[in-house]
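Visitor: Contents are mmCIF, C-alpha atoms and all ligand atoms; file name entry-v6.cif:
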data_final
loop_
_atom_site.label_atom_id
_atom_site.label_comp_id
_atom_site.auth_asym_id
_atom_site.auth_seq_id
_atom_site.Cartn_x
_atom_site.Cartn_y
_atom_site.Cartn_z
CA MET A 221 89.40 95.03 159.81
CA ASP A 222 89.10 91.49 161.13
CA VAL A 223 85.69 92.05 162.80
CA MET A 224 84.31 93.12 159.43
CA ASP A 225 83.64 91.17 156.28
CA VAL A 226 85.96 93.29 154.17
CA GLY A 227 87.99 91.30 151.67
CA GLN A 228 91.75 91.86 151.51
CA ASN A 229 91.58 93.57 148.14
CA ILE A 230 88.97 96.05 149.31
CA GLU A 231 90.98 96.60 152.51
CA ALA A 232 93.99 97.63 150.43
CA LEU A 233 91.79 100.12 148.55
CA LEU A 234 90.42 101.65 151.75
CA VAL A 235 93.67 102.17 153.64
CA THR A 236 95.46 104.10 150.90
CA ALA A 237 94.69 107.73 150.10
CA ASN A 238 93.52 108.52 146.57
CA ARG A 239 95.76 111.57 146.31
CA SER A 240 98.26 113.38 148.56
CA ILE A 241 99.19 116.92 147.61
CA SER A 242 102.19 118.74 149.15
CA VAL A 243 102.91 122.29 148.10
CA LYS A 244 105.48 124.96 148.81
CA ILE A 245 103.96 128.33 149.74
CA PRO A 246 106.48 131.18 149.65
CA LEU A 247 105.29 134.31 151.44
CA GLU A 248 106.78 137.77 151.81
CA LEU A 249 106.04 139.06 155.30
CA ASP A 250 105.29 142.74 155.94
CA ASP A 251 108.87 143.30 157.14
CA GLY A 252 110.27 142.02 153.83
CA THR A 253 111.36 138.60 155.15
CA ILE A 254 110.64 135.66 152.84
CA ARG A 255 109.25 132.55 154.55
CA VAL A 256 108.49 129.25 152.87
CA PHE A 257 105.56 127.29 154.28
CA LYS A 258 104.42 123.77 153.51
CA GLY A 259 100.80 123.09 152.66
CA TYR A 260 98.97 119.79 152.29
CA ARG A 261 95.70 118.37 151.04
CA VAL A 262 95.10 114.63 151.25
CA GLN A 263 92.07 113.22 149.46
CA HIS A 264 91.53 109.85 151.06
CA ASN A 265 88.45 108.35 149.44
CA ASN A 266 85.56 109.52 147.23
CA ALA A 267 83.61 106.32 146.68
CA ARG A 268 80.55 107.88 148.38
CA GLY A 269 80.86 111.44 147.03
CA PRO A 270 83.15 114.47 146.74
CA PHE A 271 86.08 114.66 149.17
CA LYS A 272 85.20 116.67 152.30
CA GLY A 273 87.17 117.84 155.31
CA GLY A 274 88.75 120.68 157.21
CA LEU A 275 91.93 122.72 156.89
CA ARG A 276 94.16 123.14 159.91
CA TYR A 277 96.91 125.68 160.53
CA ALA A 278 99.44 124.52 163.17
CA PRO A 279 103.23 124.33 163.45
CA ASP A 280 103.32 120.51 163.61
CA VAL A 281 101.06 119.82 160.62
CA ASP A 282 102.69 117.27 158.31
CA LEU A 283 101.69 114.82 155.62
CA ASP A 284 101.30 111.87 158.01
CA GLU A 285 98.97 113.77 160.32
CA VAL A 286 96.89 115.10 157.43
CA ARG A 287 96.70 111.61 155.90
CA SER A 288 95.30 110.05 159.04
CA LEU A 289 92.86 112.93 159.59
CA ALA A 290 91.70 112.56 155.97
CA SER A 291 90.85 108.90 156.50
CA LEU A 292 88.87 109.78 159.64
CA MET A 293 86.78 112.10 157.45
CA THR A 294 85.97 109.21 155.08
CA TRP A 295 84.62 107.17 157.99
CA LYS A 296 82.86 110.16 159.59
CA THR A 297 80.88 111.08 156.46
CA ALA A 298 80.02 107.42 155.88
CA LEU A 299 78.85 106.88 159.46
CA THR A 300 76.56 109.92 159.28
CA ARG A 301 75.42 108.92 155.76
CA LEU A 302 76.47 112.18 154.13
CA PRO A 303 77.08 111.94 150.36
CA TYR A 304 80.78 112.65 150.71
CA GLY A 305 84.18 111.04 150.91
CA GLY A 306 87.01 112.22 153.14
CA ALA A 307 89.88 114.69 152.90
CA LYS A 308 91.91 116.95 155.14
CA GLY A 309 94.43 119.70 154.63
CA GLY A 310 96.64 122.07 156.44
CA ILE A 311 99.55 124.43 156.51
CA ALA A 312 102.51 124.05 158.87
CA VAL A 313 102.36 127.52 160.39
CA ASP A 314 102.14 129.09 163.82
CA VAL A 315 99.28 131.55 163.30
CA LYS A 316 100.49 133.66 166.22
CA GLU A 317 103.59 134.59 164.19
CA LEU A 318 101.61 136.15 161.31
CA ASN A 319 99.34 139.17 161.23
CA ARG A 320 95.92 139.15 159.59
CA GLY A 321 97.14 140.41 156.22
CA GLU A 322 99.94 137.83 156.11
CA LEU A 323 97.48 135.03 156.99
CA GLU A 324 95.17 136.18 154.22
CA ARG A 325 97.99 136.16 151.65
CA LEU A 326 99.17 132.74 152.87
CA THR A 327 95.64 131.34 152.49
CA ARG A 328 95.17 132.83 149.03
CA ARG A 329 98.56 131.51 147.85
CA PHE A 330 97.65 128.06 149.17
CA VAL A 331 94.44 128.21 147.10
CA ASN A 332 96.51 129.23 144.06
CA ARG A 333 98.51 126.02 144.52
CA ILE A 334 95.60 123.59 145.03
CA HIS A 335 92.64 125.18 143.19
CA ASP A 336 92.64 122.64 140.37
CA PHE A 337 92.12 119.84 142.89
CA ILE A 338 89.22 121.35 144.86
CA GLY A 339 85.72 122.36 143.78
CA PRO A 340 82.04 122.03 144.75
CA GLN A 341 81.78 118.56 143.20
CA THR A 342 85.40 117.55 143.80
CA ASP A 343 86.72 118.47 147.24
CA ILE A 344 85.14 120.94 149.68
CA PRO A 345 87.36 122.28 152.51
CA ALA A 346 86.05 123.64 155.84
CA PRO A 347 87.42 125.06 159.13
CA ASP A 348 89.49 123.07 161.62
CA MET A 349 92.10 124.12 164.20
CA ASN A 350 93.19 127.76 163.86
CA THR A 351 91.07 128.38 160.78
CA ASN A 352 87.63 129.97 160.85
CA ALA A 353 84.85 131.57 158.82
CA GLN A 354 87.17 134.38 157.68
CA THR A 355 89.70 131.84 156.33
CA MET A 356 86.88 130.16 154.42
CA ALA A 357 85.74 133.53 152.99
CA TRP A 358 89.26 134.12 151.60
CA ILE A 359 89.27 130.63 150.07
CA MET A 360 85.87 131.17 148.46
CA ASP A 361 86.97 134.53 147.07
CA GLN A 362 90.28 133.27 145.70
CA TYR A 363 88.71 130.17 144.16
CA SER A 364 85.95 132.30 142.60
CA MET A 365 88.56 134.61 141.01
CA LEU A 366 90.07 131.56 139.30
CA HIS A 367 86.93 129.54 138.46
CA GLY A 368 83.99 131.99 138.61
CA HIS A 369 81.62 132.71 141.50
CA ASN A 370 81.17 129.50 143.50
CA PRO A 371 80.29 129.61 147.21
CA ALA A 372 79.82 125.82 147.44
CA VAL A 373 83.58 125.20 147.08
CA VAL A 374 84.02 125.63 150.83
CA THR A 375 81.82 125.43 153.94
CA GLY A 376 81.97 127.13 157.32
CA LYS A 377 81.83 130.55 155.64
CA PRO A 378 80.56 133.68 157.46
CA VAL A 379 76.76 133.82 157.63
CA ASP A 380 76.93 137.13 155.72
CA LEU A 381 78.77 135.38 152.88
CA TYR A 382 76.80 132.24 152.03
CA GLY A 383 77.60 130.53 155.36
CA ALA A 384 74.97 128.44 157.13
CA GLU A 385 73.40 129.60 160.35
CA GLY A 386 74.42 127.04 162.96
CA ARG A 387 77.69 125.86 161.36
CA GLU A 388 79.96 127.74 163.78
CA SER A 389 78.40 126.07 166.84
CA ALA A 390 77.62 122.75 165.10
CA THR A 391 80.55 120.62 166.23
CA GLY A 392 80.16 121.54 169.91
CA ARG A 393 76.39 121.19 169.64
CA GLY A 394 76.75 117.74 168.09
CA VAL A 395 79.12 116.70 170.89
CA VAL A 396 76.45 117.67 173.41
CA TYR A 397 73.64 115.88 171.52
CA VAL A 398 75.78 112.73 171.68
CA ILE A 399 76.48 113.24 175.39
CA GLU A 400 72.74 113.60 176.08
CA GLU A 401 72.05 110.27 174.35
CA LEU A 402 74.92 108.56 176.14
CA MET A 403 73.77 109.81 179.55
CA LYS A 404 70.21 108.61 178.83
CA ASP A 405 71.51 105.15 177.90
CA GLU A 406 73.66 105.04 181.01
CA GLY A 407 70.77 106.15 183.23
CA ARG A 408 72.63 109.25 184.39
CA ASP A 409 71.27 112.68 185.19
CA LEU A 410 73.29 115.44 183.50
CA ALA A 411 72.88 117.71 186.53
CA GLU A 412 74.63 115.13 188.68
CA THR A 413 77.41 114.41 186.22
CA THR A 414 80.77 116.18 186.30
CA PHE A 415 82.68 117.17 183.15
CA CYS A 416 86.23 118.21 182.26
CA ILE A 417 86.80 119.84 178.87
CA GLN A 418 90.21 120.18 177.24
CA GLY A 419 90.35 123.05 174.72
CA LEU A 420 88.17 126.16 174.62
CA GLY A 421 88.36 126.92 170.92
CA ASN A 422 85.48 126.52 168.51
CA VAL A 423 84.52 123.00 169.57
CA GLY A 424 85.31 123.10 173.30
CA SER A 425 83.74 126.48 174.00
CA TYR A 426 80.42 125.65 172.34
CA ALA A 427 80.37 122.22 174.01
CA ALA A 428 81.00 123.92 177.38
CA ARG A 429 78.31 126.53 176.75
CA PHE A 430 75.63 124.00 175.75
CA LEU A 431 76.49 121.57 178.57
CA ASP A 432 76.34 124.43 181.06
CA GLY A 433 72.97 125.44 179.60
CA LEU A 434 71.67 121.93 180.29
CA GLY A 435 72.72 122.19 183.93
CA ALA A 436 75.74 119.88 183.75
CA LYS A 437 78.50 120.51 186.27
CA ILE A 438 81.73 121.49 184.52
CA VAL A 439 84.53 121.14 187.05
CA GLY A 440 87.60 121.58 184.83
CA VAL A 441 88.51 123.39 181.59
CA SER A 442 91.83 124.04 179.87
CA ASP A 443 93.43 125.57 176.82
CA VAL A 444 97.02 125.66 175.59
CA SER A 445 97.94 128.05 178.44
CA GLY A 446 96.76 125.94 181.40
CA ALA A 447 93.80 124.51 183.29
CA VAL A 448 91.37 125.60 185.97
CA TYR A 449 89.47 123.34 188.36
CA ASP A 450 86.71 123.69 190.93
CA GLU A 451 85.03 120.58 192.28
CA ALA A 452 81.94 122.65 193.08
CA GLY A 453 81.58 123.60 189.39
CA LEU A 454 83.10 126.44 187.36
CA PRO A 455 81.30 129.64 186.26
CA VAL A 456 81.43 128.61 182.59
CA GLY A 457 79.74 131.75 181.22
CA GLU A 458 82.30 133.97 182.95
CA ILE A 459 85.27 131.90 181.68
CA LEU A 460 83.96 131.86 178.13
CA GLU A 461 83.46 135.63 178.24
CA HIS A 462 87.07 136.02 179.48
CA VAL A 463 88.26 133.83 176.55
CA ARG A 464 86.01 135.63 174.05
CA LYS A 465 87.66 138.92 175.02
CA GLY A 466 91.06 137.43 174.12
CA GLY A 467 92.04 136.07 177.55
CA ASP A 468 93.41 132.60 178.17
CA VAL A 469 92.58 130.06 180.88
CA LYS A 470 95.85 130.74 182.71
CA GLY A 471 94.87 134.39 183.03
CA TYR A 472 91.44 133.57 184.51
CA ALA A 473 91.39 134.50 188.19
CA GLY A 474 88.81 132.03 189.66
CA GLY A 475 89.17 128.31 190.56
CA ASP A 476 92.40 126.37 191.16
CA ALA A 477 94.99 127.00 188.44
CA LEU A 478 96.78 123.87 187.20
CA PRO A 479 99.21 122.95 184.42
CA GLY A 480 97.18 122.19 181.29
CA GLU A 481 98.00 118.47 181.05
CA GLU A 482 96.59 117.84 184.56
CA LEU A 483 93.09 118.53 183.25
CA LEU A 484 93.01 115.07 181.71
CA THR A 485 93.58 113.24 184.99
CA LEU A 486 91.26 115.27 187.21
CA PRO A 487 88.41 113.46 188.96
CA CYS A 488 85.26 113.76 186.80
CA ASP A 489 82.64 111.49 185.25
CA VAL A 490 83.02 112.59 181.62
CA LEU A 491 86.22 113.77 179.97
CA VAL A 492 85.82 115.74 176.74
CA PRO A 493 89.15 116.24 174.94
CA ALA A 494 88.41 119.05 172.43
CA ALA A 495 91.89 120.23 171.44
CA VAL A 496 94.69 118.26 169.77
CA GLY A 497 95.54 114.65 168.93
CA ASP A 498 97.29 111.96 171.01
CA VAL A 499 96.81 113.71 174.36
CA ILE A 500 95.63 110.54 176.12
CA ASN A 501 98.53 108.20 175.69
CA ARG A 502 100.87 105.70 177.32
CA GLU A 503 102.17 108.38 179.73
CA ASN A 504 98.84 109.29 181.33
CA MET A 505 96.39 106.49 180.45
CA ARG A 506 96.65 104.83 183.86
CA GLU A 507 95.82 108.09 185.60
CA ILE A 508 92.62 108.84 183.69
CA ARG A 509 89.81 108.87 186.26
CA ALA A 510 86.79 109.57 184.06
CA SER A 511 84.29 106.77 183.40
CA TYR A 512 83.38 108.19 179.98
CA ILE A 513 85.45 109.86 177.26
CA VAL A 514 83.76 111.75 174.45
CA GLU A 515 86.23 112.51 171.66
CA ALA A 516 85.35 116.03 170.56
CA ALA A 517 88.85 116.40 169.06
CA ASN A 518 90.13 114.20 166.24
CA GLY A 519 92.33 111.37 167.46
CA PRO A 520 92.86 112.49 171.08
CA VAL A 521 93.42 108.90 172.32
CA THR A 522 96.33 106.81 171.02
CA PRO A 523 95.61 103.16 170.05
CA GLU A 524 97.55 101.90 173.07
CA ALA A 525 95.59 104.10 175.48
CA ASP A 526 92.37 103.10 173.72
CA ASP A 527 93.06 99.39 174.43
CA HIS A 528 94.00 100.13 178.02
CA LEU A 529 90.88 102.23 178.70
CA ARG A 530 88.59 99.66 177.06
CA GLU A 531 90.03 96.94 179.27
CA ARG A 532 89.35 99.14 182.28
CA GLY A 533 85.71 99.52 181.22
CA VAL A 534 85.88 103.21 180.30
CA ILE A 535 83.15 103.95 177.75
CA LEU A 536 84.47 106.00 174.85
CA VAL A 537 82.48 107.72 172.11
CA PRO A 538 84.81 107.93 169.09
CA ASP A 539 85.65 111.11 167.19
CA ILE A 540 83.98 109.98 163.95
CA LEU A 541 80.67 110.05 165.83
CA ALA A 542 81.17 112.57 168.64
CA ASN A 543 82.49 115.47 166.53
CA ALA A 544 80.56 114.76 163.33
CA GLY A 545 78.20 117.70 163.95
CA GLY A 546 80.55 120.05 162.11
CA VAL A 547 80.59 118.16 158.85
CA VAL A 548 76.85 117.45 159.11
CA VAL A 549 76.07 121.18 159.15
CA SER A 550 78.76 121.77 156.52
CA TYR A 551 76.73 119.43 154.35
CA PHE A 552 73.61 121.53 155.02
CA GLU A 553 75.57 124.66 154.03
CA TRP A 554 76.74 123.04 150.79
CA VAL A 555 73.19 121.96 149.93
CA GLN A 556 71.91 125.49 150.59
CA ASN A 557 74.67 126.99 148.42
CA LEU A 558 73.92 124.61 145.55
CA GLN A 559 70.21 125.52 145.77
CA ASN A 560 70.72 129.27 146.32
CA PHE A 561 68.47 128.97 149.33
CA SER A 562 69.03 129.43 153.04
CA TRP A 563 67.62 127.73 156.10
CA LYS A 564 66.96 129.17 159.53
CA GLU A 565 69.27 128.02 162.35
CA LYS A 566 66.36 126.21 164.03
CA GLN A 567 66.04 123.92 161.01
CA ALA A 568 69.79 123.22 160.87
CA ASN A 569 69.85 122.35 164.58
CA ALA A 570 66.82 120.07 164.29
CA GLU A 571 68.28 118.24 161.27
CA LEU A 572 71.64 117.98 163.04
CA HIS A 573 69.95 116.49 166.07
CA SER A 574 68.19 113.82 164.06
CA THR A 575 71.27 112.96 161.93
CA ILE A 576 73.63 112.63 164.86
CA THR A 577 71.31 110.85 167.28
CA GLU A 578 70.35 108.41 164.54
CA ALA A 579 74.06 107.65 163.89
CA TYR A 580 74.61 107.24 167.63
CA ARG A 581 71.66 104.82 167.86
CA ARG A 582 72.97 102.70 164.98
CA VAL A 583 76.42 102.50 166.60
CA ARG A 584 75.04 101.69 170.04
CA LYS A 585 72.72 99.01 168.63
CA LEU A 586 75.48 97.27 166.70
CA ALA A 587 77.84 97.48 169.69
CA LYS A 588 75.23 95.80 171.86
CA ARG A 589 74.30 93.16 169.30
CA ARG A 590 77.88 92.13 168.60
CA GLY A 591 79.46 92.84 171.96
CA LEU A 592 81.72 95.56 170.55
CA ASP A 593 82.99 98.83 172.00
CA LEU A 594 81.55 101.98 170.41
CA ARG A 595 84.68 102.79 168.37
CA THR A 596 84.81 99.35 166.76
CA ALA A 597 81.07 99.42 166.07
CA ALA A 598 81.34 102.86 164.46
CA PHE A 599 84.20 101.67 162.23
CA VAL A 600 82.34 98.49 161.26
CA LEU A 601 79.40 100.60 160.03
CA ALA A 602 81.53 103.24 158.31
CA ILE A 603 84.01 100.93 156.61
CA GLY A 604 81.20 98.60 155.58
CA SER A 605 79.40 101.48 153.90
CA VAL A 606 82.49 102.73 152.00
CA GLY A 607 83.39 99.15 151.06
CA LYS A 608 79.90 98.56 149.68
CA ALA A 609 79.97 101.79 147.63
CA THR A 610 83.40 100.82 146.27
CA VAL A 611 82.17 97.41 145.13
CA LEU A 612 78.94 98.81 143.68
CA ARG A 613 80.80 101.40 141.62
CA GLY A 614 83.05 98.65 140.27
CA ILE A 615 86.78 98.36 140.28
CA TYR A 616 88.32 98.30 136.85
N1 LIG A 701 86.17 123.19 164.04
C1 LIG A 701 85.42 122.15 163.72
O1 LIG A 701 84.31 122.29 163.18
C2 LIG A 701 85.88 120.76 164.01
C3 LIG A 701 86.99 120.51 164.78
N2 LIG A 701 87.30 119.23 165.14
C4 LIG A 701 88.45 118.93 165.98
O2 LIG A 701 88.28 119.54 167.25
C5 LIG A 701 89.56 119.91 167.77
C6 LIG A 701 89.55 121.38 168.14
O3 LIG A 701 89.26 122.13 166.96
P1 LIG A 701 88.80 123.65 167.03
O4 LIG A 701 88.00 123.86 168.28
O5 LIG A 701 88.22 123.97 165.72
O6 LIG A 701 90.20 124.39 167.16
P2 LIG A 701 90.49 125.85 167.69
O7 LIG A 701 91.73 126.27 167.02
O8 LIG A 701 89.29 126.72 167.60
O9 LIG A 701 90.77 125.64 169.26
C7 LIG A 701 91.75 124.77 169.74
C8 LIG A 701 91.76 124.86 171.27
O10 LIG A 701 92.66 123.88 171.77
C9 LIG A 701 93.55 124.49 172.68
N3 LIG A 701 94.80 123.74 172.68
C10 LIG A 701 95.72 123.64 171.70
N4 LIG A 701 96.72 122.86 172.10
C11 LIG A 701 96.40 122.41 173.35
C12 LIG A 701 97.02 121.58 174.27
N5 LIG A 701 98.20 121.01 174.01
N6 LIG A 701 96.40 121.36 175.47
C13 LIG A 701 95.22 121.95 175.76
N7 LIG A 701 94.57 122.73 174.89
C14 LIG A 701 95.17 122.98 173.72
C15 LIG A 701 93.70 125.91 172.19
O11 LIG A 701 94.19 126.75 173.22
C16 LIG A 701 92.25 126.19 171.82
O12 LIG A 701 91.50 126.51 172.98
C17 LIG A 701 90.59 119.50 166.70
O13 LIG A 701 91.05 118.21 167.00
C18 LIG A 701 89.76 119.48 165.44
O14 LIG A 701 90.31 118.62 164.46
C19 LIG A 701 86.53 118.18 164.75
C20 LIG A 701 85.42 118.37 163.99
C21 LIG A 701 85.07 119.66 163.47
O1 LIG A 702 83.00 120.60 158.15
C1 LIG A 702 83.71 119.88 157.49
O2 LIG A 702 83.59 119.70 156.30
C2 LIG A 702 84.86 119.12 158.10
C3 LIG A 702 85.10 119.33 159.55
C4 LIG A 702 86.31 118.54 159.95
O3 LIG A 702 87.40 118.80 159.48
C5 LIG A 702 86.19 117.42 160.86
O4 LIG A 702 85.06 116.95 161.09
O5 LIG A 702 87.21 116.96 161.37
#
Translate this file's structure into structure tokens.
Ligand SMILES: NC(=O)C1=CN([C@@H]2O[C@H](COP(=O)(O)OP(=O)(O)OC[C@H]3O[C@@H](n4cnc5c(N)ncnc54)[C@H](O)[C@@H]3O)[C@@H](O)[C@H]2O)C=CC1
Ligand SMILES: O=C(O)CCC(=O)C(=O)O
Guide:
Amino acid sequence: MDVMDVGQNIEALLVTANRSISVKIPLELDDGTIRVFKGYRVQHNNARGPFKGGLRYAPDVDLDEVRSLASLMTWKTALTRLPYGGAKGGIAVDVKELNRGELERLTRRFVNRIHDFIGPQTDIPAPDMNTNAQTMAWIMDQYSMLHGHNPAVVTGKPVDLYGAEGRESATGRGVVYVIEELMKDEGRDLAETTFCIQGLGNVGSYAARFLDGLGAKIVGVSDVSGAVYDEAGLPVGEILEHVRKGGDVKGYAGGDALPGEELLTLPCDVLVPAAVGDVINRENMREIRASYIVEAANGPVTPEADDHLRERGVILVPDILANAGGVVVSYFEWVQNLQNFSWKEKQANAELHSTITEAYRRVRKLAKRRGLDLRTAAFVLAIGSVGKATVLRGIY
């Protein structure tokens, strides 16, 4: 906060979440067992508009994690100038332990617990780790049973059910738009640049596909099962097809198989962590060999590792910029739902390109002007914008 002109009183307003919701979700499994899950929704700030942010299903989800992810959403929507605040939610559950019907009931019961706190002008959830368009369809349906038909309560829905063309690929596409700008600024040719990507879920797989399409050389990829490396470049299309059919990276036969965590320290020019948080940390920060890190995941670099990498001259594009493509196209979906109108994917991609490259340009310009790293510059812009909205609305 000290590189910004944010007064202490405003600072106190910005660091605390507006509302933190924790709920108990009892669920009867198909075999008759009763399990009790914990669900969360943290609404961090709505000075600039309704709360907005994803829902994640993972065993280690807790209130602290959701709280910090919710604040990232506030800065992300501000940086990209979307008329939203920030929120995040989740359920502490291992999705592999539940079947489809059980997951549907869990999702619907979660909505029953939080429906009074969400809504198209209040708080609009979206997909994140281990949730997808189907999860969003269940949320829309359950919310509509309680409040009347209302597709705009959630984004990232299936295209056949009020979803926006382009939302599924938007986060990975945005990551690649940012990489293209970064490479231009750094005077590098994508075809001569090597990439390692951690995570081949929604974000990582689309980022890999689009980078491959641009002729970039992807030398390493990983998922929770393991990593694969080939310094000559991996056959990305073949790996993605293997994953699409339900396979994991460990089960892929080509390239050199490695333990998953080794992906992060492989020799490459650009490292794209696109999986979970805190993976680049005190344990491995000295072994990172990439010159650039593009944070496709939320919070993949701990503050200590961030300081260390900055001192070493590694250029890092922060999550609130690099992975903002998802929420940008979520915004387009929301607008289309409110207008009962739908755009073609080409339009969504073009608007995404201009929104994200414009945000990147503003960050890069400020960083250059004030001698800041890209993360600090992005936070200066985002926090400044939320602070200004807070003051303009008036505190009483
Ligand atoms: N889905 C979206 O639109 C957005 C997602 N994000 C962030 O991107 C990241 C990934 O999200 P999604 O792709 O949606 O999730 P996902 O659930 O579709 O995929 C997650 C991927 O990470 C892998 N993974 C999990 N733990 C791992 C580990 N310890 N090491 C290596 N790989 C591991 C999984 O095997 C899977 O390939 C998360 O941090 C999420 O918050 C950010 C913005 C939007
Ligand atoms: O699409 C959205 O509304 C939010 C996506 C998200 O959770 C994120 O950007 O981290």
Visitor: Once you count only C-alpha atoms and all ligand atoms, what closest atom pair and distance in Å to one decimal does each residue of chain A within 6 Å of ligand LIG 701 (chain A) have, with rows by chain and rising residue number, as a tab-separated table?
Guide:
residue	atom	partner	partner_atom	distance
A:Pro347	CA	A:LIG701	N1	5.4
A:Asp348	CA	A:LIG701	N1	4.1
A:Met349	CA	A:LIG701	O6	3.5
A:Asn350	CA	A:LIG701	O7	3.8
A:Thr391	CA	A:LIG701	O1	5.1
A:Gln418	CA	A:LIG701	C13	5.5
A:Gly419	CA	A:LIG701	O10	3.8
A:Leu420	CA	A:LIG701	O12	3.7
A:Gly421	CA	A:LIG701	O9	3.2
A:Asn422	CA	A:LIG701	O4	3.7
A:Val423	CA	A:LIG701	O4	3.8
A:Gly424	CA	A:LIG701	O4	5.7
A:Ser442	CA	A:LIG701	C13	5.7
A:Asp443	CA	A:LIG701	N7	3.6
A:Val444	CA	A:LIG701	C14	3.8
A:Gly480	CA	A:LIG701	C13	5.9
A:Ala494	CA	A:LIG701	C5	4.9
A:Ala495	CA	A:LIG701	O10	3.7
A:Val496	CA	A:LIG701	O13	4.6
A:Ala516	CA	A:LIG701	O2	5.6
A:Ala517	CA	A:LIG701	O13	3.5
A:Asn518	CA	A:LIG701	O13	4.2
A:Asn543	CA	A:LIG701	C20	4.8
A:Gly546	CA	A:LIG701	O1	4.5
Visitor: Write to file, as a short mmCIF file (atom, residue, chain, number, x, y, z; two decimals), in the coordinates of the input, the residues of the selection just made, with C-alpha atoms.
Guide:
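As written to disk, again-v3.cif reads:
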data_model
loop_
_atom_site.label_atom_id
_atom_site.label_comp_id
_atom_site.auth_asym_id
_atom_site.auth_seq_id
_atom_site.Cartn_x
_atom_site.Cartn_y
_atom_site.Cartn_z
CA PRO A 347 87.42 125.06 159.13
CA ASP A 348 89.49 123.07 161.62
CA MET A 349 92.10 124.12 164.20
CA ASN A 350 93.19 127.76 163.86
CA THR A 391 80.55 120.62 166.23
CA GLN A 418 90.21 120.18 177.24
CA GLY A 419 90.35 123.05 174.72
CA LEU A 420 88.17 126.16 174.62
CA GLY A 421 88.36 126.92 170.92
CA ASN A 422 85.48 126.52 168.51
CA VAL A 423 84.52 123.00 169.57
CA GLY A 424 85.31 123.10 173.30
CA SER A 442 91.83 124.04 179.87
CA ASP A 443 93.43 125.57 176.82
CA VAL A 444 97.02 125.66 175.59
CA GLY A 480 97.18 122.19 181.29
CA ALA A 494 88.41 119.05 172.43
CA ALA A 495 91.89 120.23 171.44
CA VAL A 496 94.69 118.26 169.77
CA ALA A 516 85.35 116.03 170.56
CA ALA A 517 88.85 116.40 169.06
CA ASN A 518 90.13 114.20 166.24
CA ASN A 543 82.49 115.47 166.53
CA GLY A 546 80.55 120.05 162.11
#
Visitor: Can you list, as a PyMOL selection string, every protein, DNA or RNA residue that comes within 9 Å of region 575-586 of chain A when you count only C-alpha atoms, leaving out same-chain residues fewer than 2 positions away?
Guide: chain A and resi 299-301+394+397-398+401-402+541-542+544-545+548+570-573+588-601
Visitor: I want to know what sits within 12 Å of Gly446 (chain A), based on all atoms listed in the file, with residues of the same chain fewer than 6 positions away left out; could you give that as a ChimeraX atom specification?
Guide: /A:417-420,440,467-472,476-484
Visitor: Looking at A:Pro340, A:Gly310, A:Gly519, A:Pro345, which one is nearest to ligand LIG 702 (chain A), with distances taken over all atoms listed in the file?
Guide: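 Answer, going by the shortest atom-to-atom distance: A:Pro345.
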Visitor: From the list A:Ala384, A:Leu249, A:Leu612, A:Ala312, which residue is nearest ligand LIG 702 (chain A) when using only C-alpha atoms and all ligand atoms?
Guide: A:Ala384
Visitor: Using all atoms listed in the file, pick whichever of A:Ile254, A:Met293, A:Leu410, A:Ile245 has the shortest atom-to-atom distance to Ile603 (chain A).
Guide: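 So, comparing all the options, the nearest one is A:Met293.
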Visitor: Skipping near chain neighbours, those fewer than 4 positions away, what residues fall within 8 Å of region 285-287 of chain A using only C-alpha atoms, listed as a list in words?
Guide: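 Using only C-alpha atoms, the neighbours found are Ala237, Ser240, Tyr260, Arg261, Val262, His264, Val281, Ser291, Lys308, Gly309 and Gly310 of chain A.
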Visitor: Based on the selection just made, write C-alpha atoms of those residues as a PDB file, keeping the file's coordinate frame.
Guide:
ATOM      1  CA  ALA A 237      94.690 107.730 150.100  1.00  0.00           C
ATOM      2  CA  SER A 240      98.260 113.380 148.560  1.00  0.00           C
ATOM      3  CA  TYR A 260      98.970 119.790 152.290  1.00  0.00           C
ATOM      4  CA  ARG A 261      95.700 118.370 151.040  1.00  0.00           C
ATOM      5  CA  VAL A 262      95.100 114.630 151.250  1.00  0.00           C
ATOM      6  CA  HIS A 264      91.530 109.850 151.060  1.00  0.00           C
ATOM      7  CA  VAL A 281     101.060 119.820 160.620  1.00  0.00           C
ATOM      8  CA  SER A 291      90.850 108.900 156.500  1.00  0.00           C
ATOM      9  CA  LYS A 308      91.910 116.950 155.140  1.00  0.00           C
ATOM     10  CA  GLY A 309      94.430 119.700 154.630  1.00  0.00           C
ATOM     11  CA  GLY A 310      96.640 122.070 156.440  1.00  0.00           C
TER      12      GLY A 310
END
Visitor: Just need the box for region 438-442 of chain A, edges along x, y and z, holding every atom the file lists for it with 8 Å tacked onto each side, so centre and edge lengths in Å to one decimal, as AutoDock Vina command-line options.
Guide:
--center_x 86.8 --center_y 122.6 --center_z 183.5 --size_x 26.1 --size_y 18.9 --size_z 23.2
Visitor: For ligand LIG 702 (chain A), which residue out of A:Glu388, A:Glu507, A:Glu451, A:Asp432 is the nearest one, using only C-alpha atoms and all ligand atoms?
Guide: A:Glu388
Visitor: Given all atoms listed in the file as the basis, pick out the residue of A:Asp380, A:Asp539, A:Asp450, A:Asp284 nearest to Val492 (chain A).
Guide: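 Looking only at the distances to Val492 (chain A), the closest residue turns out to be A:Asp539.
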Visitor: Counting all atoms listed in the file, which residue out of A:Ala411, A:Cys416, A:Ala390, A:Ile535 sits closest to Leu434 (chain A)?
Guide: A:Ala411
Visitor: Find the spatial neighbours of region 509-514 of chain A, counting all atoms listed in the file, within a cut-off of 8 Å - ignore same-chain residues fewer than 2 positions away - and output them as a list in words.
Guide: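 Listed by chain and then number, they are Val395, Ile399, Thr485, Leu486, Pro487, Cys488, Asp489, Val490, Leu491, Val492, Pro493, Glu507, Ala516, Gly533, Val534, Ile535, Leu536, Val537, Pro538, Asp539 and Ala542 of chain A.
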